[in-house]
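target.txt follows (compact mmCIF, N, CA and C atoms):
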```txt
# COMPACT_ATOMS: atom_id res chain seq x y z
N MET A 220 4.67 3.65 16.63
CA MET A 220 4.90 2.82 15.47
C MET A 220 5.61 3.65 14.42
N ALA A 221 6.46 2.99 13.68
CA ALA A 221 7.22 3.70 12.64
C ALA A 221 7.32 2.84 11.38
N VAL A 222 7.42 3.53 10.27
CA VAL A 222 7.72 2.90 8.98
C VAL A 222 9.15 3.29 8.64
N LEU A 223 9.97 2.29 8.36
CA LEU A 223 11.37 2.55 7.99
C LEU A 223 11.47 2.55 6.47
N GLU A 224 11.79 3.69 5.92
CA GLU A 224 11.88 3.87 4.47
C GLU A 224 13.33 3.96 4.06
N ARG A 225 13.75 3.13 3.15
CA ARG A 225 15.14 3.11 2.69
C ARG A 225 15.52 4.40 1.98
N GLY A 226 14.64 4.94 1.18
CA GLY A 226 14.97 6.10 0.36
C GLY A 226 14.69 7.44 1.02
N SER A 227 14.98 8.48 0.27
CA SER A 227 14.77 9.84 0.77
C SER A 227 13.34 10.32 0.52
N GLU A 228 12.57 9.54 -0.23
CA GLU A 228 11.16 9.83 -0.47
C GLU A 228 10.36 8.57 -0.15
N VAL A 229 9.10 8.77 0.23
CA VAL A 229 8.25 7.63 0.56
C VAL A 229 7.34 7.29 -0.62
N LEU A 230 6.98 6.02 -0.67
CA LEU A 230 6.00 5.52 -1.64
C LEU A 230 6.37 5.79 -3.10
N THR A 231 7.65 5.69 -3.41
CA THR A 231 8.10 5.96 -4.78
C THR A 231 7.52 4.96 -5.78
N LYS A 232 7.31 3.72 -5.36
CA LYS A 232 6.71 2.72 -6.27
C LYS A 232 5.26 3.07 -6.56
N VAL A 233 4.57 3.61 -5.56
CA VAL A 233 3.18 4.04 -5.77
C VAL A 233 3.16 5.20 -6.76
N LYS A 234 4.12 6.09 -6.63
CA LYS A 234 4.18 7.29 -7.48
C LYS A 234 4.21 6.92 -8.96
N VAL A 235 4.94 5.87 -9.32
CA VAL A 235 5.09 5.51 -10.74
C VAL A 235 4.11 4.44 -11.20
N SER A 236 3.39 3.82 -10.27
CA SER A 236 2.49 2.73 -10.67
C SER A 236 1.36 3.25 -11.55
N GLY A 237 0.94 2.41 -12.45
CA GLY A 237 -0.15 2.78 -13.35
C GLY A 237 0.17 3.99 -14.20
N GLY A 238 1.42 4.14 -14.58
CA GLY A 238 1.82 5.28 -15.40
C GLY A 238 1.68 6.61 -14.68
N GLY A 239 1.87 6.57 -13.35
CA GLY A 239 1.75 7.79 -12.55
C GLY A 239 0.34 8.08 -12.07
N ARG A 240 -0.58 7.15 -12.39
CA ARG A 240 -1.97 7.33 -11.97
C ARG A 240 -2.35 6.42 -10.81
N CYS A 241 -1.59 5.36 -10.56
CA CYS A 241 -1.77 4.40 -9.47
C CYS A 241 -3.07 3.61 -9.60
N ASN A 242 -2.99 2.49 -10.31
CA ASN A 242 -4.16 1.62 -10.38
C ASN A 242 -4.30 0.90 -9.04
N VAL A 243 -5.33 1.32 -8.31
CA VAL A 243 -5.54 0.91 -6.92
C VAL A 243 -6.03 -0.52 -6.80
N THR A 244 -6.96 -0.91 -7.65
CA THR A 244 -7.52 -2.26 -7.62
C THR A 244 -8.15 -2.56 -8.97
N HIS A 245 -8.85 -3.66 -9.05
CA HIS A 245 -9.51 -4.06 -10.29
C HIS A 245 -11.00 -4.24 -9.99
N ALA A 246 -11.86 -3.79 -10.88
CA ALA A 246 -13.31 -3.86 -10.67
C ALA A 246 -13.83 -5.27 -10.88
N GLU A 247 -13.39 -6.17 -10.04
CA GLU A 247 -13.86 -7.55 -10.05
C GLU A 247 -14.23 -7.88 -8.62
N PHE A 248 -15.44 -8.37 -8.40
CA PHE A 248 -15.96 -8.52 -7.05
C PHE A 248 -16.06 -9.97 -6.58
N MET A 249 -15.56 -10.90 -7.37
CA MET A 249 -15.50 -12.31 -6.97
C MET A 249 -14.02 -12.65 -6.76
N PRO A 250 -13.65 -13.10 -5.55
CA PRO A 250 -12.23 -13.37 -5.26
C PRO A 250 -11.56 -14.29 -6.27
N GLN A 251 -12.25 -15.35 -6.68
CA GLN A 251 -11.63 -16.31 -7.61
C GLN A 251 -11.37 -15.70 -8.98
N GLU A 252 -12.11 -14.65 -9.33
CA GLU A 252 -11.87 -13.94 -10.59
C GLU A 252 -10.84 -12.83 -10.41
N LEU A 253 -10.91 -12.15 -9.25
CA LEU A 253 -9.98 -11.04 -8.98
C LEU A 253 -8.53 -11.51 -9.01
N VAL A 254 -8.24 -12.68 -8.44
CA VAL A 254 -6.85 -13.15 -8.40
C VAL A 254 -6.26 -13.36 -9.78
N LYS A 255 -7.09 -13.58 -10.78
CA LYS A 255 -6.59 -13.79 -12.14
C LYS A 255 -5.95 -12.53 -12.72
N ASN A 256 -6.22 -11.39 -12.11
CA ASN A 256 -5.62 -10.13 -12.55
C ASN A 256 -4.24 -9.91 -11.94
N TYR A 257 -3.79 -10.84 -11.10
CA TYR A 257 -2.49 -10.75 -10.43
C TYR A 257 -1.72 -12.05 -10.66
N PRO A 258 -1.26 -12.31 -11.89
CA PRO A 258 -0.66 -13.61 -12.21
C PRO A 258 0.57 -13.97 -11.38
N ARG A 259 1.31 -12.98 -10.89
CA ARG A 259 2.51 -13.30 -10.09
C ARG A 259 2.16 -13.63 -8.65
N GLY A 260 0.92 -13.39 -8.23
CA GLY A 260 0.56 -13.67 -6.85
C GLY A 260 -0.80 -14.32 -6.70
N GLU A 261 -1.27 -14.95 -7.77
CA GLU A 261 -2.62 -15.51 -7.75
C GLU A 261 -2.86 -16.43 -6.56
N LYS A 262 -1.99 -17.38 -6.35
CA LYS A 262 -2.18 -18.35 -5.27
C LYS A 262 -2.13 -17.67 -3.89
N GLU A 263 -1.16 -16.80 -3.70
CA GLU A 263 -0.97 -16.15 -2.40
C GLU A 263 -2.08 -15.17 -2.06
N LEU A 264 -2.76 -14.64 -3.06
CA LEU A 264 -3.78 -13.61 -2.82
C LEU A 264 -5.19 -14.18 -2.63
N ARG A 265 -5.38 -15.46 -2.86
CA ARG A 265 -6.72 -16.04 -2.72
C ARG A 265 -7.29 -15.81 -1.32
N GLY A 266 -6.55 -16.14 -0.30
CA GLY A 266 -7.03 -15.98 1.08
C GLY A 266 -7.33 -14.54 1.43
N PRO A 267 -6.35 -13.64 1.24
CA PRO A 267 -6.62 -12.23 1.56
C PRO A 267 -7.80 -11.65 0.78
N PHE A 268 -7.98 -12.03 -0.47
CA PHE A 268 -9.08 -11.48 -1.27
C PHE A 268 -10.44 -12.01 -0.80
N HIS A 269 -10.47 -13.13 -0.10
CA HIS A 269 -11.74 -13.60 0.47
C HIS A 269 -12.08 -12.81 1.74
N GLN A 270 -11.08 -12.23 2.38
CA GLN A 270 -11.31 -11.45 3.60
C GLN A 270 -11.45 -9.96 3.34
N PHE A 271 -10.76 -9.46 2.35
CA PHE A 271 -10.74 -8.02 2.06
C PHE A 271 -10.87 -7.86 0.56
N MET A 272 -12.05 -7.46 0.13
CA MET A 272 -12.35 -7.46 -1.30
C MET A 272 -12.31 -6.07 -1.91
N THR A 273 -12.55 -6.03 -3.20
CA THR A 273 -12.54 -4.79 -3.97
C THR A 273 -13.47 -3.75 -3.37
N GLY A 274 -14.66 -4.16 -2.97
CA GLY A 274 -15.61 -3.22 -2.37
C GLY A 274 -15.06 -2.58 -1.11
N ASP A 275 -14.31 -3.36 -0.33
CA ASP A 275 -13.68 -2.81 0.89
C ASP A 275 -12.65 -1.76 0.53
N THR A 276 -11.88 -2.02 -0.52
CA THR A 276 -10.87 -1.05 -0.96
C THR A 276 -11.52 0.24 -1.43
N ILE A 277 -12.56 0.10 -2.24
CA ILE A 277 -13.27 1.28 -2.74
C ILE A 277 -13.82 2.09 -1.57
N GLU A 278 -14.46 1.41 -0.62
CA GLU A 278 -15.04 2.08 0.54
C GLU A 278 -13.96 2.78 1.38
N TRP A 279 -12.82 2.10 1.58
CA TRP A 279 -11.74 2.68 2.38
C TRP A 279 -11.28 4.00 1.78
N PHE A 280 -11.03 4.01 0.50
CA PHE A 280 -10.56 5.24 -0.15
C PHE A 280 -11.66 6.31 -0.17
N GLU A 281 -12.88 5.94 -0.50
CA GLU A 281 -13.95 6.93 -0.56
C GLU A 281 -14.24 7.54 0.80
N ASN A 282 -14.12 6.75 1.87
CA ASN A 282 -14.31 7.28 3.23
C ASN A 282 -13.22 8.28 3.61
N ARG A 283 -12.15 8.29 2.85
CA ARG A 283 -11.05 9.22 3.10
C ARG A 283 -10.97 10.30 2.03
N GLY A 284 -12.04 10.47 1.30
CA GLY A 284 -12.13 11.54 0.31
C GLY A 284 -11.43 11.28 -1.00
N VAL A 285 -11.20 10.00 -1.33
CA VAL A 285 -10.53 9.65 -2.58
C VAL A 285 -11.49 8.79 -3.42
N PRO A 286 -12.31 9.43 -4.25
CA PRO A 286 -13.19 8.64 -5.11
C PRO A 286 -12.39 7.95 -6.21
N LEU A 287 -12.84 6.76 -6.58
CA LEU A 287 -12.17 5.97 -7.61
C LEU A 287 -13.05 5.87 -8.84
N LYS A 288 -12.41 5.61 -9.98
CA LYS A 288 -13.15 5.43 -11.23
C LYS A 288 -12.70 4.13 -11.88
N ILE A 289 -13.58 3.56 -12.69
CA ILE A 289 -13.30 2.30 -13.37
C ILE A 289 -13.01 2.58 -14.84
N GLU A 290 -11.87 2.07 -15.31
CA GLU A 290 -11.51 2.17 -16.73
C GLU A 290 -12.21 1.04 -17.50
N ASP A 291 -12.23 1.14 -18.81
CA ASP A 291 -12.89 0.13 -19.65
C ASP A 291 -12.35 -1.27 -19.43
N ASP A 292 -11.06 -1.39 -19.09
CA ASP A 292 -10.46 -2.71 -18.88
C ASP A 292 -10.60 -3.20 -17.44
N GLY A 293 -11.33 -2.45 -16.60
CA GLY A 293 -11.58 -2.87 -15.22
C GLY A 293 -10.62 -2.31 -14.19
N ARG A 294 -9.52 -1.73 -14.62
CA ARG A 294 -8.59 -1.16 -13.65
C ARG A 294 -9.25 0.05 -12.98
N MET A 295 -8.93 0.24 -11.71
CA MET A 295 -9.51 1.35 -10.96
C MET A 295 -8.41 2.32 -10.53
N PHE A 296 -8.67 3.60 -10.78
CA PHE A 296 -7.73 4.68 -10.49
C PHE A 296 -8.44 5.75 -9.67
N PRO A 297 -7.66 6.60 -8.99
CA PRO A 297 -8.30 7.76 -8.36
C PRO A 297 -8.88 8.66 -9.45
N GLU A 298 -10.02 9.28 -9.16
CA GLU A 298 -10.62 10.18 -10.15
C GLU A 298 -9.68 11.30 -10.56
N SER A 299 -8.75 11.65 -9.69
CA SER A 299 -7.78 12.71 -9.99
C SER A 299 -6.79 12.30 -11.07
N ASN A 300 -6.70 10.98 -11.36
CA ASN A 300 -5.71 10.44 -12.30
C ASN A 300 -4.28 10.70 -11.84
N SER A 301 -4.08 10.87 -10.55
CA SER A 301 -2.75 11.16 -10.02
C SER A 301 -2.42 10.24 -8.85
N SER A 302 -1.28 9.57 -8.95
CA SER A 302 -0.83 8.73 -7.85
C SER A 302 -0.56 9.56 -6.59
N GLN A 303 -0.31 10.85 -6.75
CA GLN A 303 -0.06 11.71 -5.59
C GLN A 303 -1.28 11.74 -4.66
N THR A 304 -2.47 11.59 -5.21
CA THR A 304 -3.69 11.53 -4.40
C THR A 304 -3.63 10.35 -3.45
N ILE A 305 -3.17 9.21 -3.93
CA ILE A 305 -3.07 8.01 -3.11
C ILE A 305 -1.97 8.18 -2.07
N ILE A 306 -0.84 8.72 -2.47
CA ILE A 306 0.27 8.97 -1.55
C ILE A 306 -0.18 9.90 -0.43
N ASP A 307 -0.84 10.99 -0.78
CA ASP A 307 -1.31 11.95 0.22
C ASP A 307 -2.29 11.29 1.19
N CYS A 308 -3.16 10.43 0.67
CA CYS A 308 -4.11 9.71 1.51
C CYS A 308 -3.38 8.82 2.51
N PHE A 309 -2.42 8.03 2.03
CA PHE A 309 -1.67 7.14 2.92
C PHE A 309 -0.91 7.92 3.99
N LEU A 310 -0.25 9.00 3.58
CA LEU A 310 0.53 9.79 4.54
C LEU A 310 -0.38 10.47 5.55
N SER A 311 -1.54 10.92 5.12
CA SER A 311 -2.51 11.53 6.03
C SER A 311 -2.99 10.51 7.06
N GLU A 312 -3.27 9.30 6.61
CA GLU A 312 -3.70 8.24 7.53
C GLU A 312 -2.60 7.88 8.51
N ALA A 313 -1.37 7.80 8.03
CA ALA A 313 -0.25 7.50 8.91
C ALA A 313 -0.13 8.57 10.00
N GLU A 314 -0.19 9.82 9.60
CA GLU A 314 -0.09 10.92 10.56
C GLU A 314 -1.26 10.88 11.55
N LYS A 315 -2.45 10.65 11.05
CA LYS A 315 -3.65 10.60 11.89
C LYS A 315 -3.52 9.53 12.98
N HIS A 316 -2.86 8.44 12.66
CA HIS A 316 -2.72 7.33 13.60
C HIS A 316 -1.38 7.32 14.33
N GLY A 317 -0.63 8.41 14.20
CA GLY A 317 0.62 8.54 14.94
C GLY A 317 1.75 7.67 14.43
N VAL A 318 1.71 7.29 13.17
CA VAL A 318 2.78 6.48 12.58
C VAL A 318 3.86 7.42 12.07
N GLU A 319 5.06 7.22 12.56
CA GLU A 319 6.20 8.03 12.13
C GLU A 319 6.84 7.39 10.91
N VAL A 320 7.15 8.18 9.90
CA VAL A 320 7.82 7.68 8.70
C VAL A 320 9.26 8.17 8.74
N LEU A 321 10.19 7.23 8.85
CA LEU A 321 11.61 7.56 8.96
C LEU A 321 12.30 7.28 7.62
N LYS A 322 12.67 8.33 6.94
CA LYS A 322 13.32 8.21 5.63
C LYS A 322 14.81 7.92 5.81
N ASN A 323 15.41 7.38 4.76
CA ASN A 323 16.85 7.04 4.76
C ASN A 323 17.21 6.06 5.87
N HIS A 324 16.32 5.14 6.15
CA HIS A 324 16.55 4.12 7.17
C HIS A 324 16.46 2.73 6.54
N ALA A 325 17.46 2.35 5.77
CA ALA A 325 17.47 1.02 5.16
C ALA A 325 17.68 -0.02 6.25
N VAL A 326 16.86 -1.06 6.23
CA VAL A 326 16.98 -2.13 7.22
C VAL A 326 18.12 -3.05 6.81
N LYS A 327 19.07 -3.24 7.73
CA LYS A 327 20.22 -4.11 7.48
C LYS A 327 19.97 -5.51 8.03
N SER A 328 19.30 -5.59 9.18
CA SER A 328 19.00 -6.90 9.76
C SER A 328 17.87 -6.79 10.77
N ILE A 329 17.20 -7.92 10.97
CA ILE A 329 16.15 -8.03 11.99
C ILE A 329 16.48 -9.27 12.81
N LYS A 330 16.59 -9.08 14.12
CA LYS A 330 16.92 -10.20 15.00
C LYS A 330 15.83 -10.36 16.04
N HIS A 331 15.39 -11.61 16.23
CA HIS A 331 14.40 -11.90 17.26
C HIS A 331 15.14 -12.21 18.55
N LEU A 332 14.94 -11.37 19.54
CA LEU A 332 15.52 -11.60 20.85
C LEU A 332 14.43 -12.21 21.73
N GLU A 333 14.71 -12.43 23.00
CA GLU A 333 13.75 -13.15 23.84
C GLU A 333 12.35 -12.53 23.84
N ALA A 334 12.25 -11.26 24.16
CA ALA A 334 10.93 -10.64 24.32
C ALA A 334 10.64 -9.57 23.28
N HIS A 335 11.54 -9.37 22.34
CA HIS A 335 11.34 -8.31 21.36
C HIS A 335 12.21 -8.56 20.13
N TYR A 336 12.14 -7.65 19.21
CA TYR A 336 12.97 -7.69 18.00
C TYR A 336 13.97 -6.54 18.04
N LYS A 337 15.10 -6.75 17.42
CA LYS A 337 16.09 -5.69 17.24
C LYS A 337 16.22 -5.48 15.73
N ILE A 338 16.00 -4.24 15.31
CA ILE A 338 16.09 -3.89 13.89
C ILE A 338 17.29 -2.98 13.71
N GLU A 339 18.24 -3.43 12.91
CA GLU A 339 19.43 -2.64 12.62
C GLU A 339 19.22 -1.93 11.29
N THR A 340 19.37 -0.59 11.30
CA THR A 340 19.23 0.19 10.07
C THR A 340 20.51 0.97 9.81
N THR A 341 20.55 1.62 8.67
CA THR A 341 21.71 2.44 8.32
C THR A 341 21.82 3.68 9.20
N GLN A 342 20.76 3.99 9.93
CA GLN A 342 20.76 5.17 10.79
C GLN A 342 20.74 4.82 12.28
N GLY A 343 20.90 3.55 12.60
CA GLY A 343 20.89 3.14 14.01
C GLY A 343 19.98 1.95 14.23
N ASP A 344 19.92 1.53 15.49
CA ASP A 344 19.15 0.34 15.85
C ASP A 344 17.85 0.71 16.56
N PHE A 345 16.87 -0.18 16.41
CA PHE A 345 15.57 -0.04 17.09
C PHE A 345 15.28 -1.36 17.78
N SER A 346 14.73 -1.27 19.00
CA SER A 346 14.29 -2.51 19.66
C SER A 346 13.02 -2.28 20.44
```

As structure tokens, please, write out the structure in this file.
Amino acid sequence: MAVLERGSEVLTKVKVSGGGRCNVTHAEFMPQELVKNYPRGEKELRGPFHQFMTGDTIEWFENRGVPLKIEDDGRMFPESNSSQTIIDCFLSEAEKHGVEVLKNHAVKSIKHLEAHYKIETTQGDFS
């Protein structure tokens, strides 16, 4: 399995999120309340938040050595206050599971063929 990354660095949006601290989730444990913290995706997130909740997110990170803290406004950040902690966690998990991260591979097109997909990138094709 591979992740195709358009840029020369991975997870750049994570790096800058939350002012460089990466707000991982919100300390709200009822799905119908949690979605209110995501106004641009409230409707789309209702289903996923009923299946995978804040507690699951906290547990996932803590099981990987990334403790989280709750700010006064409910936002949750890594205790390190650094988005790099989250990036390192994700990259470590990818490596642990054999996921290859291919940088500078912008996806140009995805085509569904009979039994597989063909992905055309700036660095070549995958099928």

Which polymer residues, whether protein, DNA or RNA, lie within 7 Å of the coordinate (-11.9, 0.2, -10.2) when you count only N, CA and C atoms? List them as a PyMOL selection string, using the chain letters and numbers from the file. chain A and resi 243-247+287-290+293-296

Write out, as CSV, each residue of range 263-316 of chain A that has an atom at most 6.5 Å from range 236-239 of chain A, together with the closest pair of atoms and their distance in Å to one decimal, counting only N, CA and C atoms, rows going by chain and rising number.
```
residue,atom,partner,partner_atom,distance
A:Asn300,C,A:Gly239,C,5.3
A:Ser301,C,A:Gly239,C,4.8
A:Ser302,N,A:Gly239,C,3.8
A:Gln303,N,A:Gly239,C,6.0
```

Can you sort out the box for range 279-290 of chain A, edges along x, y and z, all listed atoms in, 4 Å on every side, with centre and edge lengths in Å to one decimal, as JSON?
```
{"center_x": -12.4, "center_y": 6.3, "center_z": -6.9, "size_x": 11.8, "size_y": 18.5, "size_z": 29.1}
```

Determine which residues of range 222-346 of chain A DSSP labels as alpha helix (DSSP H) from the backbone of this structure, then write them out as a VMD selection string. chain A and resid 231 to 239 250 to 253 261 to 270 273 to 281 302 to 315

Find the residue from A:Ile305, A:Gly266, A:Asp275, A:Pro286 that sits nearest to Cys241 in chain A; use only C-alpha atoms when measuring.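 Looking at the shortest contact to Cys241 in chain A, the residue is A:Ile305.
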
For atom C of Cys308 in chain A and CA of Trp279 in chain A, the interatomic separation in Å (one decimal):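 Taking atom C of Cys308 in chain A as the start and CA of Trp279 in chain A as the end point, the length is 10.4 Å.
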
I'd like the neighbourhood of Phe268 in chain A as a PDB file with N, CA and C atoms, in the frame of the given file, where a residue qualifies if any of its atoms comes within 8 Å (using only N, CA and C atoms), though same-chain residues fewer than 2 positions away should be ignored.
```
ATOM      1  N   MET A 249     -15.560 -10.900  -7.370  1.00  0.00           N
ATOM      2  CA  MET A 249     -15.500 -12.310  -6.970  1.00  0.00           C
ATOM      3  C   MET A 249     -14.020 -12.650  -6.760  1.00  0.00           C
ATOM      4  N   PRO A 250     -13.650 -13.100  -5.550  1.00  0.00           N
ATOM      5  CA  PRO A 250     -12.230 -13.370  -5.260  1.00  0.00           C
ATOM      6  C   PRO A 250     -11.560 -14.290  -6.270  1.00  0.00           C
ATOM      7  N   GLN A 251     -12.250 -15.350  -6.680  1.00  0.00           N
ATOM      8  CA  GLN A 251     -11.630 -16.310  -7.610  1.00  0.00           C
ATOM      9  C   GLN A 251     -11.370 -15.700  -8.980  1.00  0.00           C
ATOM     10  N   LEU A 253     -10.910 -12.150  -9.250  1.00  0.00           N
ATOM     11  CA  LEU A 253      -9.980 -11.040  -8.980  1.00  0.00           C
ATOM     12  C   LEU A 253      -8.530 -11.510  -9.010  1.00  0.00           C
ATOM     13  N   VAL A 254      -8.240 -12.680  -8.440  1.00  0.00           N
ATOM     14  CA  VAL A 254      -6.850 -13.150  -8.400  1.00  0.00           C
ATOM     15  C   VAL A 254      -6.260 -13.360  -9.780  1.00  0.00           C
ATOM     16  N   GLU A 263      -1.160 -16.800  -3.700  1.00  0.00           N
ATOM     17  CA  GLU A 263      -0.970 -16.150  -2.400  1.00  0.00           C
ATOM     18  C   GLU A 263      -2.080 -15.170  -2.060  1.00  0.00           C
ATOM     19  N   LEU A 264      -2.760 -14.640  -3.060  1.00  0.00           N
ATOM     20  CA  LEU A 264      -3.780 -13.610  -2.820  1.00  0.00           C
ATOM     21  C   LEU A 264      -5.190 -14.180  -2.630  1.00  0.00           C
ATOM     22  N   ARG A 265      -5.380 -15.460  -2.860  1.00  0.00           N
ATOM     23  CA  ARG A 265      -6.720 -16.040  -2.720  1.00  0.00           C
ATOM     24  C   ARG A 265      -7.290 -15.810  -1.320  1.00  0.00           C
ATOM     25  N   GLY A 266      -6.550 -16.140  -0.300  1.00  0.00           N
ATOM     26  CA  GLY A 266      -7.030 -15.980   1.080  1.00  0.00           C
ATOM     27  C   GLY A 266      -7.330 -14.540   1.430  1.00  0.00           C
ATOM     28  N   GLN A 270     -11.080 -12.230   2.380  1.00  0.00           N
ATOM     29  CA  GLN A 270     -11.310 -11.450   3.600  1.00  0.00           C
ATOM     30  C   GLN A 270     -11.450  -9.960   3.340  1.00  0.00           C
ATOM     31  N   PHE A 271     -10.760  -9.460   2.350  1.00  0.00           N
ATOM     32  CA  PHE A 271     -10.740  -8.020   2.060  1.00  0.00           C
ATOM     33  C   PHE A 271     -10.870  -7.860   0.560  1.00  0.00           C
ATOM     34  N   MET A 272     -12.050  -7.460   0.130  1.00  0.00           N
ATOM     35  CA  MET A 272     -12.350  -7.460  -1.300  1.00  0.00           C
ATOM     36  C   MET A 272     -12.310  -6.070  -1.910  1.00  0.00           C
ATOM     37  N   THR A 273     -12.550  -6.030  -3.200  1.00  0.00           N
ATOM     38  CA  THR A 273     -12.540  -4.790  -3.970  1.00  0.00           C
ATOM     39  C   THR A 273     -13.470  -3.750  -3.370  1.00  0.00           C
TER      40      THR A 273
END
```

Give me, as a list in words, all polymer residues having an atom no more than 5 Å from Ala325 in chain A, counting all atoms listed in the file and skipping those fewer than 2 positions away in the same chain.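 Residues meeting the cut-off are Glu224, Arg225, Asn323, Lys327, Thr340 and Thr341 of chain A.
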
For the selection just defined, write its residues with N, CA and C atoms to a file, as a PDB file, keeping the file's coordinate frame.
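Written file, selection.pdb:
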```
ATOM      1  N   GLU A 224      11.790   3.690   5.920  1.00  0.00           N
ATOM      2  CA  GLU A 224      11.880   3.870   4.470  1.00  0.00           C
ATOM      3  C   GLU A 224      13.330   3.960   4.060  1.00  0.00           C
ATOM      4  N   ARG A 225      13.750   3.130   3.150  1.00  0.00           N
ATOM      5  CA  ARG A 225      15.140   3.110   2.690  1.00  0.00           C
ATOM      6  C   ARG A 225      15.520   4.400   1.980  1.00  0.00           C
ATOM      7  N   ASN A 323      15.410   7.380   4.760  1.00  0.00           N
ATOM      8  CA  ASN A 323      16.850   7.040   4.760  1.00  0.00           C
ATOM      9  C   ASN A 323      17.210   6.060   5.870  1.00  0.00           C
ATOM     10  N   LYS A 327      19.070  -3.240   7.730  1.00  0.00           N
ATOM     11  CA  LYS A 327      20.220  -4.110   7.480  1.00  0.00           C
ATOM     12  C   LYS A 327      19.970  -5.510   8.030  1.00  0.00           C
ATOM     13  N   THR A 340      19.370  -0.590  11.300  1.00  0.00           N
ATOM     14  CA  THR A 340      19.230   0.190  10.070  1.00  0.00           C
ATOM     15  C   THR A 340      20.510   0.970   9.810  1.00  0.00           C
ATOM     16  N   THR A 341      20.550   1.620   8.670  1.00  0.00           N
ATOM     17  CA  THR A 341      21.710   2.440   8.320  1.00  0.00           C
ATOM     18  C   THR A 341      21.820   3.680   9.200  1.00  0.00           C
TER      19      THR A 341
END
```

Enter the distance from atom N of Pro297 in chain A to atom N of Arg240 in chain A, in Å, rounded to one decimal.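 That distance, rounded to one decimal, is 7.9 Å.
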
For CA of Arg259 in chain A and CA of Ile306 in chain A, quote the distance in Å rounded to one decimal.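 Atom-to-atom, CA of Arg259 in chain A to CA of Ile306 in chain A, that is 24.0 Å.
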
Could you go through chain A and tell me which residues DSSP, when run on the backbone, assigns to strand (DSSP E or B), listing them as a list in words?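 Answer for chain A, restricted to strand (DSSP E or B): Ala221, Val222, Leu223, Thr244, His245, Leu287, Lys288, Ile289, Arg294, Met295, Phe296, Pro297, Glu319, Val320, Leu321, Val326, Lys327, Ser328, Ile329, Lys330, His331, Tyr336, Lys337, Ile338, Glu339, Thr340, Gly343, Asp344 and Phe345 of chain A.
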
Just the residues within 12 Å of Phe309 in chain A, please, counting only C-alpha atoms, with nothing from its chain fewer than 4 positions along; format it as a list in words.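 Here the answer would be Val222, Val229, Leu230, Val233, Lys234, Trp279, Phe280, Arg283, Gly284, Val285, Ser302, Gln303, Thr304, Ile305, Ala313, Glu314, Lys315, His316, Val318 and Val320 of chain A.
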
Pick from A:Gly274, A:Ser311, A:Ile338, A:Asn282: nearest to Phe248 in chain A, with all atoms listed in the file counted?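 Looking only at the distances to Phe248 in chain A, the closest residue turns out to be A:Gly274.
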
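Take the candidates A:Asp291, A:Glu252, A:Asp307, A:Glu339 and check each one against Leu223 in chain A using only C-alpha atoms; the shortest distance goes to A:Glu339.
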